[in-house]
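S.K.: upload.cif (mmCIF, N, CA and C atoms and all ligand atoms) pasted underneath:
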```cif
data_upload
loop_
_atom_site.label_atom_id
_atom_site.label_comp_id
_atom_site.auth_asym_id
_atom_site.auth_seq_id
_atom_site.Cartn_x
_atom_site.Cartn_y
_atom_site.Cartn_z
N MET A 202 81.79 105.83 132.70
CA MET A 202 82.27 104.61 132.02
C MET A 202 81.55 104.43 130.70
N LYS A 203 80.22 104.48 130.77
CA LYS A 203 79.42 104.22 129.57
C LYS A 203 79.70 105.28 128.49
N THR A 204 79.76 106.52 128.92
CA THR A 204 80.01 107.61 127.98
C THR A 204 81.35 107.42 127.30
N ARG A 205 82.33 107.07 128.12
CA ARG A 205 83.67 106.89 127.60
C ARG A 205 83.68 105.79 126.54
N PHE A 206 82.96 104.73 126.82
CA PHE A 206 82.88 103.61 125.87
C PHE A 206 82.26 104.08 124.56
N LEU A 207 81.18 104.86 124.68
CA LEU A 207 80.50 105.36 123.48
C LEU A 207 81.42 106.26 122.67
N VAL A 208 82.15 107.11 123.35
CA VAL A 208 83.08 108.01 122.66
C VAL A 208 84.12 107.19 121.90
N LEU A 209 84.64 106.17 122.56
CA LEU A 209 85.64 105.32 121.90
C LEU A 209 85.04 104.61 120.69
N LEU A 210 83.81 104.14 120.87
CA LEU A 210 83.12 103.43 119.80
C LEU A 210 82.93 104.37 118.60
N LEU A 211 82.48 105.58 118.89
CA LEU A 211 82.25 106.57 117.83
C LEU A 211 83.56 106.89 117.12
N ALA A 212 84.61 107.10 117.91
CA ALA A 212 85.92 107.42 117.33
C ALA A 212 86.35 106.29 116.41
N GLY A 213 86.10 105.06 116.86
CA GLY A 213 86.46 103.90 116.05
C GLY A 213 85.69 103.87 114.75
N LEU A 214 84.41 104.16 114.80
CA LEU A 214 83.58 104.16 113.60
C LEU A 214 84.03 105.23 112.62
N VAL A 215 84.36 106.40 113.14
CA VAL A 215 84.82 107.49 112.29
C VAL A 215 86.11 107.06 111.59
N ALA A 216 87.03 106.44 112.35
CA ALA A 216 88.29 106.01 111.77
C ALA A 216 88.05 104.99 110.66
N VAL A 217 87.16 104.04 110.91
CA VAL A 217 86.87 103.00 109.92
C VAL A 217 86.27 103.61 108.66
N SER A 218 85.29 104.52 108.83
CA SER A 218 84.66 105.07 107.64
C SER A 218 85.62 105.97 106.88
N ALA A 219 86.51 106.66 107.59
CA ALA A 219 87.50 107.50 106.91
C ALA A 219 88.40 106.63 106.04
N GLN A 220 88.79 105.47 106.59
CA GLN A 220 89.66 104.57 105.85
C GLN A 220 88.96 104.05 104.60
N ALA A 221 87.69 103.66 104.76
CA ALA A 221 86.94 103.13 103.64
C ALA A 221 86.79 104.19 102.56
N ALA A 222 86.52 105.44 102.98
CA ALA A 222 86.34 106.52 102.01
C ALA A 222 87.63 106.76 101.26
N GLU A 223 88.75 106.70 101.95
CA GLU A 223 90.04 106.97 101.34
C GLU A 223 90.34 105.96 100.24
N LYS A 224 89.96 104.70 100.47
CA LYS A 224 90.24 103.66 99.50
C LYS A 224 89.48 103.85 98.20
N LYS A 225 88.28 104.45 98.27
CA LYS A 225 87.42 104.47 97.10
C LYS A 225 87.42 105.79 96.35
N VAL A 226 88.27 106.69 96.74
CA VAL A 226 88.24 108.02 96.12
C VAL A 226 89.08 108.04 94.85
N ALA A 227 88.53 108.64 93.79
CA ALA A 227 89.29 108.84 92.57
C ALA A 227 90.00 110.17 92.66
N GLY A 228 91.01 110.37 91.83
CA GLY A 228 91.72 111.64 91.82
C GLY A 228 90.85 112.74 91.23
N PRO A 229 91.27 114.00 91.36
CA PRO A 229 90.47 115.13 90.86
C PRO A 229 90.22 115.07 89.35
N ASN A 230 91.08 114.37 88.62
CA ASN A 230 90.88 114.25 87.17
C ASN A 230 90.31 112.89 86.77
N GLY A 231 89.97 112.07 87.77
CA GLY A 231 89.49 110.72 87.49
C GLY A 231 90.62 109.72 87.32
N GLY A 232 91.78 110.06 87.81
CA GLY A 232 92.93 109.15 87.71
C GLY A 232 93.08 108.29 88.95
N ARG A 233 94.17 107.51 88.96
CA ARG A 233 94.43 106.57 90.06
C ARG A 233 95.18 107.30 91.17
N VAL A 234 94.70 107.16 92.39
CA VAL A 234 95.39 107.79 93.51
C VAL A 234 96.46 106.85 94.05
N LEU A 235 97.69 107.34 94.07
CA LEU A 235 98.80 106.56 94.62
C LEU A 235 98.90 106.92 96.09
N ALA A 236 98.37 106.03 96.94
CA ALA A 236 98.23 106.35 98.36
C ALA A 236 99.51 106.10 99.15
N GLY A 237 100.47 105.40 98.52
CA GLY A 237 101.71 105.09 99.24
C GLY A 237 102.68 106.25 99.29
N VAL A 238 102.37 107.32 98.59
CA VAL A 238 103.26 108.48 98.52
C VAL A 238 102.73 109.56 99.46
N GLU A 239 103.61 110.33 100.05
CA GLU A 239 103.20 111.41 100.95
C GLU A 239 103.79 112.72 100.43
N PRO A 240 103.03 113.75 100.02
CA PRO A 240 101.57 113.70 99.88
C PRO A 240 101.15 112.73 98.77
N ARG A 241 99.87 112.28 98.85
CA ARG A 241 99.36 111.37 97.84
C ARG A 241 99.42 112.01 96.47
N ALA A 242 99.44 111.18 95.43
CA ALA A 242 99.55 111.70 94.08
C ALA A 242 98.53 111.00 93.19
N GLU A 243 98.05 111.73 92.20
CA GLU A 243 97.14 111.14 91.22
C GLU A 243 97.92 110.84 89.94
N PHE A 244 97.76 109.61 89.46
CA PHE A 244 98.35 109.18 88.19
C PHE A 244 97.22 109.24 87.17
N PHE A 245 97.39 110.08 86.16
CA PHE A 245 96.32 110.28 85.18
C PHE A 245 96.91 110.25 83.78
N VAL A 246 96.22 109.56 82.86
CA VAL A 246 96.68 109.50 81.47
C VAL A 246 95.88 110.52 80.67
N THR A 247 96.57 111.44 80.01
CA THR A 247 95.90 112.49 79.24
C THR A 247 95.44 111.93 77.89
N ARG A 248 94.68 112.74 77.14
CA ARG A 248 94.16 112.31 75.83
C ARG A 248 95.29 111.89 74.89
N ASP A 249 96.43 112.55 74.99
CA ASP A 249 97.54 112.18 74.10
C ASP A 249 98.49 111.17 74.77
N ARG A 250 97.95 110.40 75.71
CA ARG A 250 98.65 109.29 76.37
C ARG A 250 99.85 109.71 77.19
N LYS A 251 99.94 110.99 77.52
CA LYS A 251 101.01 111.39 78.43
C LYS A 251 100.54 111.12 79.86
N VAL A 252 101.51 110.98 80.75
CA VAL A 252 101.17 110.75 82.16
C VAL A 252 101.25 112.08 82.90
N GLN A 253 100.18 112.39 83.64
CA GLN A 253 100.13 113.61 84.43
C GLN A 253 100.05 113.23 85.90
N ILE A 254 100.98 113.75 86.68
CA ILE A 254 100.99 113.47 88.12
C ILE A 254 100.56 114.73 88.86
N THR A 255 99.53 114.59 89.69
CA THR A 255 99.04 115.72 90.48
C THR A 255 99.15 115.34 91.95
N PHE A 256 99.81 116.16 92.74
CA PHE A 256 99.89 115.89 94.17
C PHE A 256 98.62 116.41 94.84
N LEU A 257 98.23 115.70 95.91
CA LEU A 257 96.94 115.98 96.53
C LEU A 257 97.09 116.41 97.98
N GLY A 258 96.32 117.41 98.34
CA GLY A 258 96.28 117.87 99.73
C GLY A 258 95.43 116.92 100.56
N PRO A 259 95.29 117.20 101.86
CA PRO A 259 94.56 116.32 102.76
C PRO A 259 93.11 116.09 102.33
N ASP A 260 92.50 117.06 101.66
CA ASP A 260 91.11 116.91 101.25
C ASP A 260 90.98 116.37 99.83
N GLY A 261 92.09 115.96 99.24
CA GLY A 261 92.05 115.39 97.90
C GLY A 261 92.11 116.43 96.79
N GLU A 262 92.33 117.69 97.18
CA GLU A 262 92.42 118.74 96.16
C GLU A 262 93.85 118.81 95.62
N ALA A 263 94.00 119.33 94.39
CA ALA A 263 95.32 119.41 93.77
C ALA A 263 96.18 120.44 94.49
N ILE A 264 97.43 120.09 94.73
CA ILE A 264 98.38 121.06 95.29
C ILE A 264 99.60 121.10 94.38
N ALA A 265 100.31 122.19 94.42
CA ALA A 265 101.47 122.37 93.55
C ALA A 265 102.57 121.39 93.93
N PRO A 266 103.29 120.85 92.94
CA PRO A 266 104.41 119.99 93.28
C PRO A 266 105.50 120.78 93.99
N ALA A 267 106.21 120.14 94.90
CA ALA A 267 107.32 120.79 95.60
C ALA A 267 108.62 120.31 94.98
N ALA A 268 109.39 119.52 95.72
CA ALA A 268 110.70 119.08 95.21
C ALA A 268 110.64 117.64 94.70
N GLN A 269 109.43 117.13 94.46
CA GLN A 269 109.30 115.73 94.06
C GLN A 269 109.93 115.48 92.68
N SER A 270 110.47 114.29 92.52
CA SER A 270 110.87 113.87 91.18
C SER A 270 110.18 112.54 90.88
N VAL A 271 109.74 112.41 89.63
CA VAL A 271 108.95 111.25 89.23
C VAL A 271 109.58 110.62 87.99
N THR A 272 109.62 109.30 87.98
CA THR A 272 110.03 108.55 86.79
C THR A 272 109.01 107.45 86.57
N VAL A 273 108.59 107.26 85.33
CA VAL A 273 107.72 106.14 85.01
C VAL A 273 108.42 105.28 83.96
N THR A 274 108.54 103.99 84.27
CA THR A 274 109.10 103.03 83.34
C THR A 274 107.94 102.19 82.84
N ALA A 275 107.69 102.25 81.51
CA ALA A 275 106.48 101.62 80.99
C ALA A 275 106.78 100.71 79.82
N GLY A 276 105.91 99.72 79.65
CA GLY A 276 105.98 98.85 78.48
C GLY A 276 106.86 97.64 78.68
N ASP A 277 107.20 97.04 77.57
CA ASP A 277 107.99 95.82 77.50
C ASP A 277 109.26 95.94 78.33
N ARG A 278 109.47 94.96 79.22
CA ARG A 278 110.65 95.03 80.08
C ARG A 278 111.97 94.99 79.31
N ALA A 279 111.93 94.34 78.15
CA ALA A 279 113.16 94.23 77.36
C ALA A 279 113.52 95.58 76.71
N ALA A 280 112.51 96.37 76.42
CA ALA A 280 112.77 97.67 75.78
C ALA A 280 111.81 98.70 76.36
N PRO A 281 111.96 99.02 77.64
CA PRO A 281 110.99 99.91 78.28
C PRO A 281 111.10 101.36 77.81
N THR A 282 110.00 102.08 77.95
CA THR A 282 109.99 103.51 77.70
C THR A 282 110.13 104.19 79.04
N ILE A 283 111.13 105.05 79.18
CA ILE A 283 111.32 105.74 80.45
C ILE A 283 110.85 107.19 80.30
N LEU A 284 109.83 107.52 81.09
CA LEU A 284 109.26 108.86 81.03
C LEU A 284 109.84 109.71 82.15
N THR A 285 110.25 110.92 81.79
CA THR A 285 110.66 111.88 82.81
C THR A 285 109.62 112.99 82.84
N PHE A 286 109.65 113.78 83.88
CA PHE A 286 108.56 114.73 84.12
C PHE A 286 109.06 116.16 84.31
N ALA A 287 108.25 117.09 83.82
CA ALA A 287 108.52 118.51 84.03
C ALA A 287 107.25 119.17 84.54
N LYS A 288 107.42 120.25 85.28
CA LYS A 288 106.28 120.98 85.82
C LYS A 288 105.43 121.55 84.69
N ALA A 289 104.12 121.39 84.82
CA ALA A 289 103.18 122.00 83.89
C ALA A 289 102.03 122.52 84.74
N GLY A 290 102.04 123.80 85.03
CA GLY A 290 101.05 124.36 85.94
C GLY A 290 101.23 123.75 87.32
N ASN A 291 100.14 123.22 87.87
CA ASN A 291 100.17 122.61 89.20
C ASN A 291 100.46 121.12 89.15
N THR A 292 100.89 120.62 87.97
CA THR A 292 101.10 119.18 87.84
C THR A 292 102.49 118.90 87.27
N LEU A 293 102.82 117.62 87.24
CA LEU A 293 104.03 117.17 86.54
C LEU A 293 103.56 116.39 85.32
N LEU A 294 104.11 116.70 84.15
CA LEU A 294 103.67 116.07 82.91
C LEU A 294 104.84 115.33 82.27
N SER A 295 104.56 114.13 81.74
CA SER A 295 105.64 113.34 81.15
C SER A 295 106.13 113.96 79.85
N ASN A 296 107.39 113.70 79.54
CA ASN A 296 108.02 114.27 78.34
C ASN A 296 107.58 113.55 77.08
N ALA A 297 106.98 112.38 77.22
CA ALA A 297 106.60 111.57 76.05
C ALA A 297 105.37 110.75 76.41
N PRO A 298 104.66 110.22 75.40
CA PRO A 298 103.48 109.39 75.70
C PRO A 298 103.87 108.00 76.16
N LEU A 299 102.90 107.31 76.75
CA LEU A 299 103.08 105.89 77.09
C LEU A 299 103.25 105.11 75.80
N PRO A 300 103.93 103.97 75.85
CA PRO A 300 104.02 103.14 74.65
C PRO A 300 102.63 102.68 74.21
N ALA A 301 102.49 102.35 72.93
CA ALA A 301 101.19 101.98 72.36
C ALA A 301 100.62 100.73 73.03
N GLY A 302 99.30 100.61 72.98
CA GLY A 302 98.64 99.41 73.48
C GLY A 302 97.85 99.67 74.74
N ASP A 303 97.03 98.67 75.10
CA ASP A 303 96.25 98.77 76.33
C ASP A 303 96.89 97.81 77.34
N GLY A 304 96.73 98.11 78.61
CA GLY A 304 97.31 97.25 79.63
C GLY A 304 98.82 97.33 79.68
N VAL A 305 99.35 98.52 79.45
CA VAL A 305 100.80 98.72 79.48
C VAL A 305 101.30 98.64 80.92
N PRO A 306 102.25 97.73 81.21
CA PRO A 306 102.77 97.69 82.58
C PRO A 306 103.57 98.95 82.90
N ALA A 307 103.36 99.50 84.07
CA ALA A 307 104.06 100.74 84.45
C ALA A 307 104.63 100.62 85.85
N VAL A 308 105.83 101.14 86.01
CA VAL A 308 106.46 101.25 87.31
C VAL A 308 106.64 102.74 87.59
N VAL A 309 105.93 103.22 88.61
CA VAL A 309 106.00 104.64 88.94
C VAL A 309 106.92 104.80 90.14
N GLN A 310 107.93 105.66 90.00
CA GLN A 310 108.84 105.91 91.12
C GLN A 310 108.79 107.39 91.48
N ILE A 311 108.50 107.66 92.73
CA ILE A 311 108.38 109.04 93.18
C ILE A 311 109.29 109.27 94.37
N LYS A 312 110.05 110.33 94.28
CA LYS A 312 110.92 110.75 95.37
C LYS A 312 110.43 112.09 95.87
N ALA A 313 110.18 112.20 97.16
CA ALA A 313 109.65 113.45 97.70
C ALA A 313 110.69 114.56 97.65
N THR A 314 111.93 114.21 97.93
CA THR A 314 113.03 115.18 97.88
C THR A 314 114.22 114.48 97.22
N PRO A 315 115.21 115.25 96.75
CA PRO A 315 116.36 114.61 96.10
C PRO A 315 117.04 113.54 96.96
N ASP A 316 117.04 113.73 98.29
CA ASP A 316 117.67 112.75 99.19
C ASP A 316 116.66 111.75 99.75
N GLY A 317 115.40 111.91 99.38
CA GLY A 317 114.35 111.09 99.98
C GLY A 317 114.36 109.66 99.47
N LYS A 318 113.53 108.86 100.13
CA LYS A 318 113.37 107.46 99.76
C LYS A 318 112.48 107.39 98.52
N THR A 319 112.78 106.46 97.63
CA THR A 319 111.94 106.29 96.45
C THR A 319 110.76 105.40 96.77
N VAL A 320 109.55 105.88 96.46
CA VAL A 320 108.35 105.08 96.62
C VAL A 320 107.99 104.52 95.24
N THR A 321 107.78 103.22 95.17
CA THR A 321 107.51 102.58 93.89
C THR A 321 106.11 101.99 93.87
N GLU A 322 105.36 102.25 92.82
CA GLU A 322 104.04 101.62 92.63
C GLU A 322 104.03 100.98 91.24
N LYS A 323 103.58 99.74 91.17
CA LYS A 323 103.53 99.02 89.90
C LYS A 323 102.09 98.62 89.60
N PHE A 324 101.67 98.86 88.37
CA PHE A 324 100.33 98.43 87.95
C PHE A 324 100.26 98.47 86.43
N ASN A 325 99.22 97.86 85.88
CA ASN A 325 99.00 97.91 84.44
C ASN A 325 98.09 99.08 84.11
N VAL A 326 98.45 99.83 83.09
CA VAL A 326 97.63 100.98 82.70
C VAL A 326 96.56 100.50 81.72
N GLU A 327 95.44 100.01 82.30
CA GLU A 327 94.30 99.56 81.49
C GLU A 327 93.46 100.78 81.17
N LEU A 328 93.35 101.11 79.89
CA LEU A 328 92.66 102.35 79.51
C LEU A 328 91.18 102.15 79.22
N SER A 329 90.72 100.91 79.13
CA SER A 329 89.29 100.70 78.86
C SER A 329 88.47 101.20 80.06
N THR A 330 87.22 101.54 79.80
CA THR A 330 86.37 102.13 80.83
C THR A 330 85.69 101.04 81.65
N CYS A 331 85.70 101.20 82.96
CA CYS A 331 84.99 100.27 83.84
C CYS A 331 83.50 100.49 83.69
N GLY A 332 82.74 99.43 83.52
CA GLY A 332 81.30 99.53 83.34
C GLY A 332 80.57 100.01 84.58
N GLU A 333 81.18 99.82 85.74
CA GLU A 333 80.49 100.20 86.98
C GLU A 333 80.77 101.62 87.41
N CYS A 334 82.04 101.98 87.55
CA CYS A 334 82.33 103.32 88.09
C CYS A 334 82.62 104.31 86.97
N LYS A 335 82.66 103.84 85.71
CA LYS A 335 82.86 104.70 84.53
C LYS A 335 84.23 105.38 84.48
N LEU A 336 85.12 104.92 85.35
CA LEU A 336 86.49 105.43 85.30
C LEU A 336 87.29 104.48 84.42
N ALA A 337 88.48 104.91 83.98
CA ALA A 337 89.35 103.98 83.27
C ALA A 337 89.73 102.86 84.24
N GLU A 338 89.94 101.66 83.72
CA GLU A 338 90.22 100.51 84.59
C GLU A 338 91.43 100.74 85.50
N TYR A 339 92.44 101.46 85.00
CA TYR A 339 93.63 101.67 85.85
C TYR A 339 93.30 102.52 87.07
N ALA A 340 92.17 103.26 86.99
CA ALA A 340 91.77 104.13 88.09
C ALA A 340 90.51 103.64 88.79
N CYS A 341 90.08 102.43 88.44
CA CYS A 341 88.80 101.90 88.93
C CYS A 341 88.77 101.89 90.46
N ILE A 342 87.61 102.31 90.99
CA ILE A 342 87.46 102.35 92.45
C ILE A 342 86.46 101.31 92.97
N CYS A 343 86.04 100.39 92.07
CA CYS A 343 85.08 99.36 92.50
C CYS A 343 85.76 98.23 93.27
N GLY A 344 87.05 98.12 93.13
CA GLY A 344 87.78 97.11 93.87
C GLY A 344 87.68 95.71 93.26
N HIS A 345 87.58 95.58 91.94
CA HIS A 345 87.62 94.26 91.32
C HIS A 345 88.84 94.14 90.41
ZN ZN A 401 85.18 100.41 88.44
#
```
For this file, produce the structure as structure tokens.
M.R.:
Amino acid sequence: MKTRFLVLLLAGLVAVSAQAAEKKVAGPNGGRVLAGVEPRAEFFVTRDRKVQITFLGPDGEAIAPAAQSVTVTAGDRAAPTILTFAKAGNTLLSNAPLPAGDGVPAVVQIKATPDGKTVTEKFNVELSTCGECKLAEYACICGH
């Protein structure tokens, strides 16, 4: 009885710590991990303001894109910039840069397969650096 309880307790602790670790992990390039997509994907803004999407394996390492399609709608809702993506090595890279400015609102839509369900994530692309975790604010893992 006692052993069984301990095993359950340990299993519970492992599950809790795994969950906590998952929440605080940055992508391999220091980008934002989109955890609602399967496999998970990293949203990263390159030096020339293009969006790079990298799909992640179970250990958080980069894996090659499969049949996913990605669209990012960014900027002013009245005149949004719609980014489409093409394969670039092991990642998907946007055809154009994000619109100018900091804190650009972005709607990321990812489809795992052509017939799959679209997963949507919305956030502001804050490019300033977080003072605590030193990542860009859009990818901040401090939870503020
Ligand atoms: Zn931070």
S.K.: Go through A:Ala227, A:Ala236, A:Cys331, A:Val305 and flag the residue nearest ligand ZN 401 (chain A), using only C-alpha atoms and all ligand atoms for the distances.
M.R.: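 Ranking A:Ala227, A:Ala236, A:Cys331, A:Val305 by distance to ligand ZN 401 (chain A), first place goes to A:Cys331.
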S.K.: Tell me, in Å to one decimal, how far CA of Arg278 in chain A is from atom C of Glu322 in chain A.
M.R.: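 Going from CA of Arg278 in chain A over to atom C of Glu322 in chain A, I get 14.3 Å.
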S.K.: Taking into account all atoms listed in the file, which residue in the set A:Gly276, A:Gly304, A:Gly258, A:Pro266 is nearest to Asn291 in chain A?
M.R.: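 The answer is A:Pro266, which sits nearest to Asn291 in chain A.
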S.K.: At a cut-off of 6.5 Å around ligand ZN 401 (chain A), and using all atoms listed in the file, what residues come up? Please write them as an NGL selection string.
M.R.: :A and (331-336 or 338 or 340-345)
S.K.: Provide the CA of Thr272 in chain A to CA of Phe286 in chain A distance in Å, to one decimal place.
M.R.: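 Taking CA of Thr272 in chain A as the start and CA of Phe286 in chain A as the end point, the length is 6.9 Å.
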S.K.: Using all atoms listed in the file, list the residues that have an atom at most 6 Å from (96.0, 113.4, 87.1), coordinates as in the file, as a list in words.
M.R.: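 I get Asn230, Gly232, Glu243, Phe244, Phe245, Val246, Gln253, Ile254 and Thr255 of chain A for the residues within 6 Å of that point.
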S.K.: To one decimal place, how far is atom N of Ala289 in chain A from CA of Glu262 in chain A in Å?
M.R.: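 Computed distance, atom N of Ala289 in chain A to CA of Glu262 in chain A, equals 16.5 Å.
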S.K.: Among chain A, which residues carry a DSSP assignment of helix (DSSP H, G or I), reported as an MDAnalysis selection string?
M.R.: chainID A and resid 203:224 338:340
S.K.: Emit the selected residues as a PDB file, keeping the file's coordinate frame, including N, CA and C atoms.
M.R.:
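This is the output file part.pdb:
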```pdb
ATOM      1  N   LYS A 203      80.220 104.480 130.770  1.00  0.00           N
ATOM      2  CA  LYS A 203      79.420 104.220 129.570  1.00  0.00           C
ATOM      3  C   LYS A 203      79.700 105.280 128.490  1.00  0.00           C
ATOM      4  N   THR A 204      79.760 106.520 128.920  1.00  0.00           N
ATOM      5  CA  THR A 204      80.010 107.610 127.980  1.00  0.00           C
ATOM      6  C   THR A 204      81.350 107.420 127.300  1.00  0.00           C
ATOM      7  N   ARG A 205      82.330 107.070 128.120  1.00  0.00           N
ATOM      8  CA  ARG A 205      83.670 106.890 127.600  1.00  0.00           C
ATOM      9  C   ARG A 205      83.680 105.790 126.540  1.00  0.00           C
ATOM     10  N   PHE A 206      82.960 104.730 126.820  1.00  0.00           N
ATOM     11  CA  PHE A 206      82.880 103.610 125.870  1.00  0.00           C
ATOM     12  C   PHE A 206      82.260 104.080 124.560  1.00  0.00           C
ATOM     13  N   LEU A 207      81.180 104.860 124.680  1.00  0.00           N
ATOM     14  CA  LEU A 207      80.500 105.360 123.480  1.00  0.00           C
ATOM     15  C   LEU A 207      81.420 106.260 122.670  1.00  0.00           C
ATOM     16  N   VAL A 208      82.150 107.110 123.350  1.00  0.00           N
ATOM     17  CA  VAL A 208      83.080 108.010 122.660  1.00  0.00           C
ATOM     18  C   VAL A 208      84.120 107.190 121.900  1.00  0.00           C
ATOM     19  N   LEU A 209      84.640 106.170 122.560  1.00  0.00           N
ATOM     20  CA  LEU A 209      85.640 105.320 121.900  1.00  0.00           C
ATOM     21  C   LEU A 209      85.040 104.610 120.690  1.00  0.00           C
ATOM     22  N   LEU A 210      83.810 104.140 120.870  1.00  0.00           N
ATOM     23  CA  LEU A 210      83.120 103.430 119.800  1.00  0.00           C
ATOM     24  C   LEU A 210      82.930 104.370 118.600  1.00  0.00           C
ATOM     25  N   LEU A 211      82.480 105.580 118.890  1.00  0.00           N
ATOM     26  CA  LEU A 211      82.250 106.570 117.830  1.00  0.00           C
ATOM     27  C   LEU A 211      83.560 106.890 117.120  1.00  0.00           C
ATOM     28  N   ALA A 212      84.610 107.100 117.910  1.00  0.00           N
ATOM     29  CA  ALA A 212      85.920 107.420 117.330  1.00  0.00           C
ATOM     30  C   ALA A 212      86.350 106.290 116.410  1.00  0.00           C
ATOM     31  N   GLY A 213      86.100 105.060 116.860  1.00  0.00           N
ATOM     32  CA  GLY A 213      86.460 103.900 116.050  1.00  0.00           C
ATOM     33  C   GLY A 213      85.690 103.870 114.750  1.00  0.00           C
ATOM     34  N   LEU A 214      84.410 104.160 114.800  1.00  0.00           N
ATOM     35  CA  LEU A 214      83.580 104.160 113.600  1.00  0.00           C
ATOM     36  C   LEU A 214      84.030 105.230 112.620  1.00  0.00           C
ATOM     37  N   VAL A 215      84.360 106.400 113.140  1.00  0.00           N
ATOM     38  CA  VAL A 215      84.820 107.490 112.290  1.00  0.00           C
ATOM     39  C   VAL A 215      86.110 107.060 111.590  1.00  0.00           C
ATOM     40  N   ALA A 216      87.030 106.440 112.350  1.00  0.00           N
ATOM     41  CA  ALA A 216      88.290 106.010 111.770  1.00  0.00           C
ATOM     42  C   ALA A 216      88.050 104.990 110.660  1.00  0.00           C
ATOM     43  N   VAL A 217      87.160 104.040 110.910  1.00  0.00           N
ATOM     44  CA  VAL A 217      86.870 103.000 109.920  1.00  0.00           C
ATOM     45  C   VAL A 217      86.270 103.610 108.660  1.00  0.00           C
ATOM     46  N   SER A 218      85.290 104.520 108.830  1.00  0.00           N
ATOM     47  CA  SER A 218      84.660 105.070 107.640  1.00  0.00           C
ATOM     48  C   SER A 218      85.620 105.970 106.880  1.00  0.00           C
ATOM     49  N   ALA A 219      86.510 106.660 107.590  1.00  0.00           N
ATOM     50  CA  ALA A 219      87.500 107.500 106.910  1.00  0.00           C
ATOM     51  C   ALA A 219      88.400 106.630 106.040  1.00  0.00           C
ATOM     52  N   GLN A 220      88.790 105.470 106.590  1.00  0.00           N
ATOM     53  CA  GLN A 220      89.660 104.570 105.850  1.00  0.00           C
ATOM     54  C   GLN A 220      88.960 104.050 104.600  1.00  0.00           C
ATOM     55  N   ALA A 221      87.690 103.660 104.760  1.00  0.00           N
ATOM     56  CA  ALA A 221      86.940 103.130 103.640  1.00  0.00           C
ATOM     57  C   ALA A 221      86.790 104.190 102.560  1.00  0.00           C
ATOM     58  N   ALA A 222      86.520 105.440 102.980  1.00  0.00           N
ATOM     59  CA  ALA A 222      86.340 106.520 102.010  1.00  0.00           C
ATOM     60  C   ALA A 222      87.630 106.760 101.260  1.00  0.00           C
ATOM     61  N   GLU A 223      88.750 106.700 101.950  1.00  0.00           N
ATOM     62  CA  GLU A 223      90.040 106.970 101.340  1.00  0.00           C
ATOM     63  C   GLU A 223      90.340 105.960 100.240  1.00  0.00           C
ATOM     64  N   LYS A 224      89.960 104.700 100.470  1.00  0.00           N
ATOM     65  CA  LYS A 224      90.240 103.660  99.500  1.00  0.00           C
ATOM     66  C   LYS A 224      89.480 103.850  98.200  1.00  0.00           C
ATOM     67  N   GLU A 338      89.940 101.660  83.720  1.00  0.00           N
ATOM     68  CA  GLU A 338      90.220 100.510  84.590  1.00  0.00           C
ATOM     69  C   GLU A 338      91.430 100.740  85.500  1.00  0.00           C
ATOM     70  N   TYR A 339      92.440 101.460  85.000  1.00  0.00           N
ATOM     71  CA  TYR A 339      93.630 101.670  85.850  1.00  0.00           C
ATOM     72  C   TYR A 339      93.300 102.520  87.070  1.00  0.00           C
ATOM     73  N   ALA A 340      92.170 103.260  86.990  1.00  0.00           N
ATOM     74  CA  ALA A 340      91.770 104.130  88.090  1.00  0.00           C
ATOM     75  C   ALA A 340      90.510 103.640  88.790  1.00  0.00           C
TER      76      ALA A 340
END
```
S.K.: Emit as lines of an AutoDock Vina configuration file the padded axis-aligned box for all listed atoms of range 329-343 of chain A, 8 Å per side, with centre and edge lengths in Å to one decimal.
M.R.:
```
center_x = 87.1
center_y = 101.8
center_z = 86.1
size_x = 29.1
size_y = 23.2
size_z = 30.4
```
S.K.: Would you mind telling me which residue in A:Asp249, A:Gly228, A:Ile283, A:Leu293 lies nearest to Gly261 in chain A when using all atoms listed in the file?
M.R.: A:Gly228
S.K.: Hey, what does DSSP flag as strand (DSSP E or B) within range 225-297 of chain A? Can you give it to me as a PyMOL selection string?
M.R.: chain A and resi 233-235+242-246+251-257+263-264+270-275+282-289+292-297
